[in-house]
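Since the structure comes first, as structure tokens, the remarks are kept for the end.
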Amino acid sequence: MSTYKIAAIPGDGIGKEVIAVGLEVLEAIAERDGGFQLDVSHFDWGTDRYKAVGTMMPEDGAEQLKKFDSIFFGAVGAPDVPDHVTLWGLRLAICQPLDQYANVRPTRILPGITSPLTGVGSDDLDWVIVRENSEGEYAGQGGRSHKGLPEEVATEVSIFTRAGVTRIMRFAFEMAQSRPRKFLTVVTKSNAQRFGMVLWDEIAAEVAKEYPDVTWDKMLVDAMTVRMTLDPASLDTIVATNLHADILSDLAAALAGSIGVAPTANLNPEGTFPSMFEPIHGSAFDITGKGVANPTATFWSASMMLEHLGEKQAADRLMVAIEKVTADSALHTPDLGGTATTRMVTDAVLDAIRGKND
């Protein structure tokens with residue numbers, strides 16, 4: 001029997017709530033399938049730690065995580081701590097040292113959920129967004145000079161390397177190749193960003209030659225928001241820079257019904273370091289403690305983690321359970337227009353995993 005070492009980092013706000021129930025669901029899947037077990041270690045890293053000792057995680061935090069098979073992450077951020085402190089102090093402080101350069105965000109309309117786009121159904125909106133996750137606009141290069149003076153200067157330098165762009169393009173083409181439509185849209189802004197984004201375009205064209213069975217097109221990021229909204233069926237696999245994909249994936253989640261159902265995988269595809277799986281909804285302090293957070297995104301992220309670990313059957317079983325529950329409008333949380341609680345949704349997913357009420 002395989003044993004997987006999982007690092008659980010609930011983080012902040014509703015992250016603590018959804019990771020707790022996510023672990024319940026993972027244990028139920030492991031028990032049902034019987035072919036693997038989970039060895040979970042819990043880490044109290046986040047803003048509570050920051051307020052107590054001045055850092056979101058220990059200095060050797062990323063090093064501590066290298067011994068794990070996967071990381072299960074909740075959320076980061078608190079209203080009384082600057083967002084750049086929390087993001088760079090925890091999430092990016094994990095993603096970058098562990099070279100989780102491929103951020104994968106599947107988006108589709110799950111059973112029972114209605115898109116805000118009139119007449120758009122699951123056949124029209126079924127995408128995978130691949131986000132470059134290690135450089136680009138979030139490379140961390142820049143600074144501030146003459147602070148507080150009228151001539152203060154702040155720079156934020158986007159970094160596009162041939163190695164970084166090439167590897168994410170190959171990953172995206174391979175993702176497109178693995179899907180039935182074999183179609184990739186490369187998002188760019190090379191009309192205005194004439195250096196880094198022109199390199200992005202050139203490398204896309206070079207890499208495309210390696211995948212003759214994949215059809216691809218190119219779209220400026222501003223026009224892409226229009227296409228996603230007005231012609232969702234024209235898209236399938238999408239690749240974009242760190243910033244562009246960050247924004248587009250939130251739009252995608254909203255178009256699919258709610259950011260509360262959207263999962264994320266931060267992958268180190270080569271397996272040199274552990275990958276990290278998380279919902280994209282953030283810490284949501286406005287609903288923290290109310291017991292109404294939608295755990296669906298966390299459960300879907302857990303399914304992605306199981307598939308990454310090689311437990312495809314368990315991953316598929318979990319997705320079937322998730323879709324059975326979302327199909328029941330009585331089990332929709334407030335973000336989906338319902339009144340169900342986190343506990344109600346979790347218990348229903350657990351019952352579906354265990355085969356109750358079949």
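Ordered as shown in the structure tokens, chains take letters A, B, and onward, while each chain numbers its residues from 1 and ligands are numbered from 1 in the order shown.
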Using only C-alpha atoms, which protein or nucleic acid residues come within 8 Å of Phe285 in chain A? Drop anything in the same chain fewer than 4 positions from it, and give the result as an mmCIF file with N, CA and C atoms, in the first residue's frame.
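Here's the written file around-v8.cif:
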data_model
loop_
_atom_site.group_PDB
_atom_site.id
_atom_site.type_symbol
_atom_site.label_atom_id
_atom_site.label_comp_id
_atom_site.auth_asym_id
_atom_site.auth_seq_id
_atom_site.Cartn_x
_atom_site.Cartn_y
_atom_site.Cartn_z
ATOM 1 N N GLY A 13 -8.315 32.673 7.379
ATOM 2 C CA GLY A 13 -9.734 32.807 7.086
ATOM 3 C C GLY A 13 -10.412 31.485 6.830
ATOM 4 N N ILE A 14 -11.200 31.421 5.744
ATOM 5 C CA ILE A 14 -11.919 30.188 5.441
ATOM 6 C C ILE A 14 -10.988 29.086 4.974
ATOM 7 N N ALA A 78 -5.199 38.556 5.244
ATOM 8 C CA ALA A 78 -6.050 39.035 6.333
ATOM 9 C C ALA A 78 -6.255 40.534 6.160
ATOM 10 N N PRO A 79 -7.413 41.055 6.570
ATOM 11 C CA PRO A 79 -7.704 42.466 6.333
ATOM 12 C C PRO A 79 -6.766 43.432 7.041
#
### Task
Output as a list in words all residues of range 209-250 of chain A that backbone DSSP marks as strand (DSSP E).
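Filtering range 209-250 of chain A down to strand (DSSP E) leaves Thr215, Trp216, Asp217, Lys218, Met219, Leu220, Thr237, Ile238, Val239 and Ala240 of chain A.
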Please tabulate, as CSV, the residues of range 53-156 of chain A that come within 10 Å of range 302-319 of chain A, each with its closest pair of atoms and the distance in Å to one decimal, counting only C-alpha atoms and ordering rows by chain, then residue number upward.
residue,atom,partner,partner_atom,distance
A:Asp69,CA,A:Leu309,CA,7.7
A:Ser70,CA,A:Met305,CA,7.3
A:Ile71,CA,A:Met305,CA,8.6
A:Phe72,CA,A:Ala302,CA,7.7
A:Phe73,CA,A:Ala302,CA,10.0
A:Val104,CA,A:Met304,CA,9.6
A:Pro106,CA,A:Met304,CA,9.7
### Message
I need the residues in range 166-299 of chain A that are alpha helix (DSSP H) according to DSSP; give them as a ChimeraX atom specification.
### Response
/A:166-178,196-208,221-230,242-255,296-299
How about saving the chosen residues, N, CA and C atoms kept, as a compact mmCIF listing (two decimals), in the first residue's frame?
# COMPACT_ATOMS: atom_id res chain seq x y z
N THR A 166 9.63 28.91 -22.65
CA THR A 166 9.63 27.67 -23.42
C THR A 166 9.01 26.53 -22.64
N ARG A 167 9.36 26.40 -21.38
CA ARG A 167 8.84 25.26 -20.61
C ARG A 167 7.34 25.38 -20.37
N ILE A 168 6.82 26.59 -20.15
CA ILE A 168 5.38 26.70 -19.94
C ILE A 168 4.63 26.52 -21.25
N MET A 169 5.22 26.94 -22.36
CA MET A 169 4.59 26.71 -23.66
C MET A 169 4.52 25.21 -23.97
N ARG A 170 5.60 24.50 -23.72
CA ARG A 170 5.58 23.05 -23.97
C ARG A 170 4.53 22.38 -23.08
N PHE A 171 4.47 22.81 -21.83
CA PHE A 171 3.48 22.24 -20.91
C PHE A 171 2.07 22.50 -21.44
N ALA A 172 1.82 23.73 -21.92
CA ALA A 172 0.48 24.09 -22.40
C ALA A 172 0.12 23.33 -23.67
N PHE A 173 1.08 23.18 -24.60
CA PHE A 173 0.80 22.42 -25.81
C PHE A 173 0.53 20.96 -25.47
N GLU A 174 1.25 20.42 -24.50
CA GLU A 174 1.02 19.03 -24.11
C GLU A 174 -0.34 18.87 -23.42
N MET A 175 -0.73 19.90 -22.63
CA MET A 175 -2.06 19.87 -22.02
C MET A 175 -3.13 19.88 -23.10
N ALA A 176 -2.97 20.76 -24.10
CA ALA A 176 -3.93 20.82 -25.20
C ALA A 176 -3.96 19.49 -25.96
N GLN A 177 -2.79 18.91 -26.16
CA GLN A 177 -2.66 17.64 -26.88
C GLN A 177 -3.41 16.51 -26.17
N SER A 178 -3.49 16.60 -24.85
CA SER A 178 -4.12 15.54 -24.06
C SER A 178 -5.64 15.66 -24.02
N GLY A 196 9.22 41.68 -23.77
CA GLY A 196 8.92 40.40 -23.14
C GLY A 196 7.80 39.64 -23.81
N MET A 197 6.76 40.36 -24.22
CA MET A 197 5.62 39.67 -24.81
C MET A 197 5.86 39.30 -26.27
N VAL A 198 6.73 40.02 -26.94
CA VAL A 198 7.12 39.61 -28.28
C VAL A 198 7.95 38.32 -28.21
N LEU A 199 8.81 38.23 -27.20
CA LEU A 199 9.52 36.97 -26.97
C LEU A 199 8.53 35.85 -26.70
N TRP A 200 7.51 36.12 -25.90
CA TRP A 200 6.44 35.15 -25.59
C TRP A 200 5.81 34.64 -26.89
N ASP A 201 5.48 35.57 -27.79
CA ASP A 201 4.87 35.20 -29.07
C ASP A 201 5.81 34.37 -29.93
N GLU A 202 7.07 34.78 -30.01
CA GLU A 202 8.04 34.09 -30.85
C GLU A 202 8.25 32.65 -30.37
N ILE A 203 8.35 32.49 -29.06
CA ILE A 203 8.57 31.15 -28.51
C ILE A 203 7.33 30.29 -28.72
N ALA A 204 6.15 30.88 -28.60
CA ALA A 204 4.92 30.11 -28.86
C ALA A 204 4.95 29.54 -30.27
N ALA A 205 5.34 30.35 -31.24
CA ALA A 205 5.40 29.90 -32.63
C ALA A 205 6.46 28.81 -32.82
N GLU A 206 7.58 28.94 -32.13
CA GLU A 206 8.64 27.93 -32.22
C GLU A 206 8.18 26.60 -31.63
N VAL A 207 7.59 26.65 -30.45
CA VAL A 207 7.17 25.43 -29.76
C VAL A 207 6.02 24.76 -30.52
N ALA A 208 5.16 25.55 -31.14
CA ALA A 208 4.02 24.99 -31.88
C ALA A 208 4.47 23.99 -32.93
N VAL A 221 -4.81 40.02 -24.59
CA VAL A 221 -5.49 39.73 -23.33
C VAL A 221 -6.78 40.52 -23.16
N ASP A 222 -6.82 41.77 -23.64
CA ASP A 222 -8.05 42.54 -23.50
C ASP A 222 -9.16 41.96 -24.37
N ALA A 223 -8.82 41.59 -25.59
CA ALA A 223 -9.81 40.95 -26.47
C ALA A 223 -10.22 39.59 -25.92
N MET A 224 -9.31 38.95 -25.19
CA MET A 224 -9.61 37.63 -24.62
C MET A 224 -10.77 37.69 -23.64
N THR A 225 -10.87 38.77 -22.86
CA THR A 225 -11.99 38.89 -21.92
C THR A 225 -13.32 38.93 -22.66
N VAL A 226 -13.32 39.57 -23.84
CA VAL A 226 -14.53 39.63 -24.65
C VAL A 226 -14.87 38.24 -25.19
N ARG A 227 -13.86 37.55 -25.70
CA ARG A 227 -14.08 36.22 -26.28
C ARG A 227 -14.57 35.24 -25.22
N MET A 228 -14.00 35.29 -24.03
CA MET A 228 -14.43 34.40 -22.95
C MET A 228 -15.90 34.62 -22.61
N THR A 229 -16.33 35.87 -22.69
CA THR A 229 -17.69 36.21 -22.30
C THR A 229 -18.70 35.97 -23.42
N LEU A 230 -18.34 36.31 -24.65
CA LEU A 230 -19.29 36.26 -25.75
C LEU A 230 -19.20 34.99 -26.59
N ASN A 242 1.83 35.10 -15.89
CA ASN A 242 1.49 35.05 -14.48
C ASN A 242 0.33 36.00 -14.13
N LEU A 243 0.46 37.25 -14.53
CA LEU A 243 -0.58 38.24 -14.23
C LEU A 243 -1.83 38.03 -15.07
N HIS A 244 -1.66 37.87 -16.36
CA HIS A 244 -2.82 37.75 -17.24
C HIS A 244 -3.68 36.54 -16.87
N ALA A 245 -3.04 35.40 -16.63
CA ALA A 245 -3.79 34.19 -16.29
C ALA A 245 -4.42 34.30 -14.91
N ASP A 246 -3.77 35.00 -14.01
CA ASP A 246 -4.33 35.23 -12.68
C ASP A 246 -5.68 35.92 -12.81
N ILE A 247 -5.73 36.95 -13.62
CA ILE A 247 -6.97 37.71 -13.81
C ILE A 247 -7.99 36.91 -14.62
N LEU A 248 -7.56 36.33 -15.73
CA LEU A 248 -8.48 35.61 -16.59
C LEU A 248 -9.11 34.40 -15.90
N SER A 249 -8.36 33.75 -15.01
CA SER A 249 -8.91 32.57 -14.34
C SER A 249 -9.99 32.95 -13.33
N ASP A 250 -9.89 34.13 -12.73
CA ASP A 250 -10.98 34.59 -11.86
C ASP A 250 -12.23 34.89 -12.68
N LEU A 251 -12.05 35.51 -13.84
CA LEU A 251 -13.18 35.74 -14.74
C LEU A 251 -13.79 34.39 -15.15
N ALA A 252 -12.93 33.45 -15.47
CA ALA A 252 -13.41 32.13 -15.88
C ALA A 252 -14.25 31.48 -14.78
N ALA A 253 -13.78 31.58 -13.54
CA ALA A 253 -14.52 30.99 -12.42
C ALA A 253 -15.89 31.63 -12.27
N ALA A 254 -15.94 32.95 -12.40
CA ALA A 254 -17.22 33.65 -12.31
C ALA A 254 -18.16 33.22 -13.42
N LEU A 255 -17.62 33.06 -14.64
CA LEU A 255 -18.46 32.66 -15.76
C LEU A 255 -18.97 31.23 -15.60
N THR A 296 -16.34 23.15 -2.37
CA THR A 296 -16.23 22.44 -3.65
C THR A 296 -14.88 22.65 -4.31
N ALA A 297 -14.38 23.89 -4.31
CA ALA A 297 -13.07 24.17 -4.92
C ALA A 297 -11.97 23.38 -4.24
N THR A 298 -12.08 23.23 -2.93
CA THR A 298 -11.07 22.48 -2.18
C THR A 298 -11.16 20.99 -2.52
N PHE A 299 -12.37 20.48 -2.63
CA PHE A 299 -12.53 19.06 -2.97
C PHE A 299 -12.00 18.80 -4.39
Set out as a tab-separated table a contact list for range 17-82 of chain A and range 3-8 of chain A with a cut-off of 12 Å, giving each residue of range 17-82 of chain A that qualifies its closest atom pair and distance in Å to one decimal, counting only C-alpha atoms, ordered by chain and rising residue number.
residue	atom	partner	partner_atom	distance
A:Val18	CA	A:Ala8	CA	11.2
A:Ile19	CA	A:Ala8	CA	7.5
A:Ala20	CA	A:Ala8	CA	9.1
A:Val21	CA	A:Ala8	CA	11.7
A:Gly22	CA	A:Ala8	CA	10.0
A:Leu23	CA	A:Ala8	CA	8.5
A:Leu26	CA	A:Ile6	CA	10.7
A:Glu27	CA	A:Ile6	CA	11.6
A:Ala30	CA	A:Thr3	CA	10.0
A:Gly34	CA	A:Thr3	CA	11.0
A:Gly35	CA	A:Thr3	CA	9.0
A:Phe36	CA	A:Thr3	CA	5.6
A:Gln37	CA	A:Thr3	CA	4.8
A:Leu38	CA	A:Tyr4	CA	5.0
A:Asp39	CA	A:Lys5	CA	4.7
A:Val40	CA	A:Ile6	CA	4.7
A:Ser41	CA	A:Ala7	CA	5.0
A:His42	CA	A:Ala8	CA	4.9
A:Phe43	CA	A:Ala8	CA	6.1
A:Asp44	CA	A:Ala8	CA	8.8
A:Trp45	CA	A:Ala8	CA	9.9
A:Gly61	CA	A:Ala7	CA	11.3
A:Ala62	CA	A:Ala7	CA	11.2
A:Gln64	CA	A:Ala7	CA	9.6
A:Leu65	CA	A:Ala7	CA	7.1
A:Lys66	CA	A:Ala7	CA	9.8
A:Lys67	CA	A:Lys5	CA	8.0
A:Phe68	CA	A:Lys5	CA	5.0
A:Asp69	CA	A:Lys5	CA	5.2
A:Ser70	CA	A:Ile6	CA	5.1
A:Ile71	CA	A:Ala7	CA	4.7
A:Phe72	CA	A:Ala8	CA	4.8
A:Phe73	CA	A:Ala8	CA	6.1
A:Gly74	CA	A:Ala8	CA	8.2
A:Ala75	CA	A:Ala8	CA	11.3
### Task
Compile the contact shell of Asp126 in chain A as an MDAnalysis selection string: residues with an atom at most 9 Å away, counting only C-alpha atoms, same-chain residues fewer than 4 positions apart removed.
chainID A and resid 106:109 122 232:233 235:237 256
Quick one: write out the picked residues with C-alpha atoms as a JSON list (two decimals), in the first residue's frame?
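Ended up saving to again.json:
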[["chain", "number", "residue", "atom", "x", "y", "z"],
["A", 106, "PRO", "CA", -9.60, 23.87, -14.93],
["A", 107, "THR", "CA", -12.91, 25.64, -15.44],
["A", 108, "ARG", "CA", -16.22, 24.07, -16.40],
["A", 109, "ILE", "CA", -19.83, 24.38, -15.45],
["A", 122, "SER", "CA", -21.30, 22.68, -19.83],
["A", 232, "PRO", "CA", -16.85, 30.65, -24.65],
["A", 233, "ALA", "CA", -17.31, 27.61, -26.89],
["A", 235, "LEU", "CA", -11.93, 28.17, -26.33],
["A", 236, "ASP", "CA", -10.45, 25.04, -24.80],
["A", 237, "THR", "CA", -6.88, 25.21, -23.43],
["A", 256, "ALA", "CA", -18.66, 29.04, -14.59]]
### Message
Given only C-alpha atoms as the basis, pick out the residue of A:Ser275, A:Thr86, A:Thr47, A:Thr241 nearest to Ala139 in chain A.
### Response
A:Thr241
### Task
Select, from A:Arg354, A:Ile259, A:Phe160, A:Arg343, the residue with the minimum atom-to-atom distance to Ile113 in chain A, counting only C-alpha atoms.
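Among A:Arg354, A:Ile259, A:Phe160, A:Arg343, it is A:Ile259 that comes nearest to Ile113 in chain A.
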### Query
Using only C-alpha atoms, which residues sit within 12 Å of Ile287 in chain A once same-chain residues fewer than 3 positions away are excluded, as a ChimeraX atom specification?
/A:13-15,17,281-284,290-294,333-335,341-342
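In this comparison, which uses only C-alpha atoms, the residue of A:Met276, A:Leu87, A:Leu98, A:Leu184 approaching Ile9 in chain A most closely is A:Met276.
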### Message
For Arg144 in chain A, find every residue with an atom within 10 Å (counting only C-alpha atoms), except residues of its own chain fewer than 2 positions away, and show them as a ChimeraX atom specification.
### Response
/A:142,146-148,152-156
### Task
Choose the residue, out of A:Ser145, A:Thr114, A:Ser190, A:Thr288, that has the smallest atom-to-atom separation from Ala327 in chain A; count only C-alpha atoms.
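For Ala327 in chain A, the nearest of the candidates is A:Thr114.
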### Task
Would you please work out which residue, of A:Ser134, A:Thr185, A:Ser258, A:Asn266, is nearest to Ser115 in chain A when using only C-alpha atoms?
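For Ser115 in chain A, the nearest of the given residues is A:Ser258.
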### Summary
Correct to one decimal, the distance CA of Gly337 in chain A-CA of Leu125 in chain A is 20.2 Å
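Using only C-alpha atoms for every distance, the candidate list A:Asp217, A:Asp99, A:Glu278, A:Glu135 yields A:Asp217 as the residue closest to Val186 in chain A.
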## Note on the structure
What separates CA of Val76 in chain A and CA of Pro97 in chain A is a distance of 17.5 Å
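In this model, the gap between CA of Gln141 in chain A and CA of Gly77 in chain A comes to 21.7 Å.
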### Query
If we count only C-alpha atoms, what is near Pro111 in chain A at a cut-off of 10 Å, once residues fewer than 5 positions away on the same chain are taken out, given as a PyMOL selection string?
chain A and resi 121-122+322-329
Could those selected residues go to a file with N, CA and C atoms, as a PDB file, in the first residue's frame?
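As written to disk, selection-v3.pdb reads:
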ATOM      1  N   GLY A 121     -23.941  26.446 -21.465  1.00  0.00           N
ATOM      2  CA  GLY A 121     -23.941  25.246 -20.646  1.00  0.00           C
ATOM      3  C   GLY A 121     -22.583  24.583 -20.599  1.00  0.00           C
ATOM      4  N   SER A 122     -22.567  23.377 -20.048  1.00  0.00           N
ATOM      5  CA  SER A 122     -21.297  22.676 -19.832  1.00  0.00           C
ATOM      6  C   SER A 122     -20.598  22.325 -21.141  1.00  0.00           C
ATOM      7  N   ILE A 322     -18.380  14.874  -6.130  1.00  0.00           N
ATOM      8  CA  ILE A 322     -18.559  16.327  -6.171  1.00  0.00           C
ATOM      9  C   ILE A 322     -19.706  16.696  -7.104  1.00  0.00           C
ATOM     10  N   GLU A 323     -19.730  16.106  -8.295  1.00  0.00           N
ATOM     11  CA  GLU A 323     -20.747  16.456  -9.290  1.00  0.00           C
ATOM     12  C   GLU A 323     -22.135  15.971  -8.866  1.00  0.00           C
ATOM     13  N   LYS A 324     -22.182  14.859  -8.150  1.00  0.00           N
ATOM     14  CA  LYS A 324     -23.471  14.386  -7.632  1.00  0.00           C
ATOM     15  C   LYS A 324     -24.043  15.398  -6.645  1.00  0.00           C
ATOM     16  N   VAL A 325     -23.171  15.986  -5.852  1.00  0.00           N
ATOM     17  CA  VAL A 325     -23.628  16.938  -4.834  1.00  0.00           C
ATOM     18  C   VAL A 325     -23.972  18.295  -5.450  1.00  0.00           C
ATOM     19  N   THR A 326     -23.152  18.793  -6.371  1.00  0.00           N
ATOM     20  CA  THR A 326     -23.475  20.090  -6.974  1.00  0.00           C
ATOM     21  C   THR A 326     -24.777  20.012  -7.780  1.00  0.00           C
ATOM     22  N   ALA A 327     -25.125  18.829  -8.274  1.00  0.00           N
ATOM     23  CA  ALA A 327     -26.354  18.672  -9.055  1.00  0.00           C
ATOM     24  C   ALA A 327     -27.605  18.909  -8.217  1.00  0.00           C
ATOM     25  N   ASP A 328     -27.469  18.837  -6.903  1.00  0.00           N
ATOM     26  CA  ASP A 328     -28.598  19.026  -5.984  1.00  0.00           C
ATOM     27  C   ASP A 328     -28.615  20.478  -5.502  1.00  0.00           C
ATOM     28  N   SER A 329     -29.569  21.272  -5.972  1.00  0.00           N
ATOM     29  CA  SER A 329     -29.605  22.698  -5.614  1.00  0.00           C
ATOM     30  C   SER A 329     -29.821  22.917  -4.126  1.00  0.00           C
TER      31      SER A 329
END
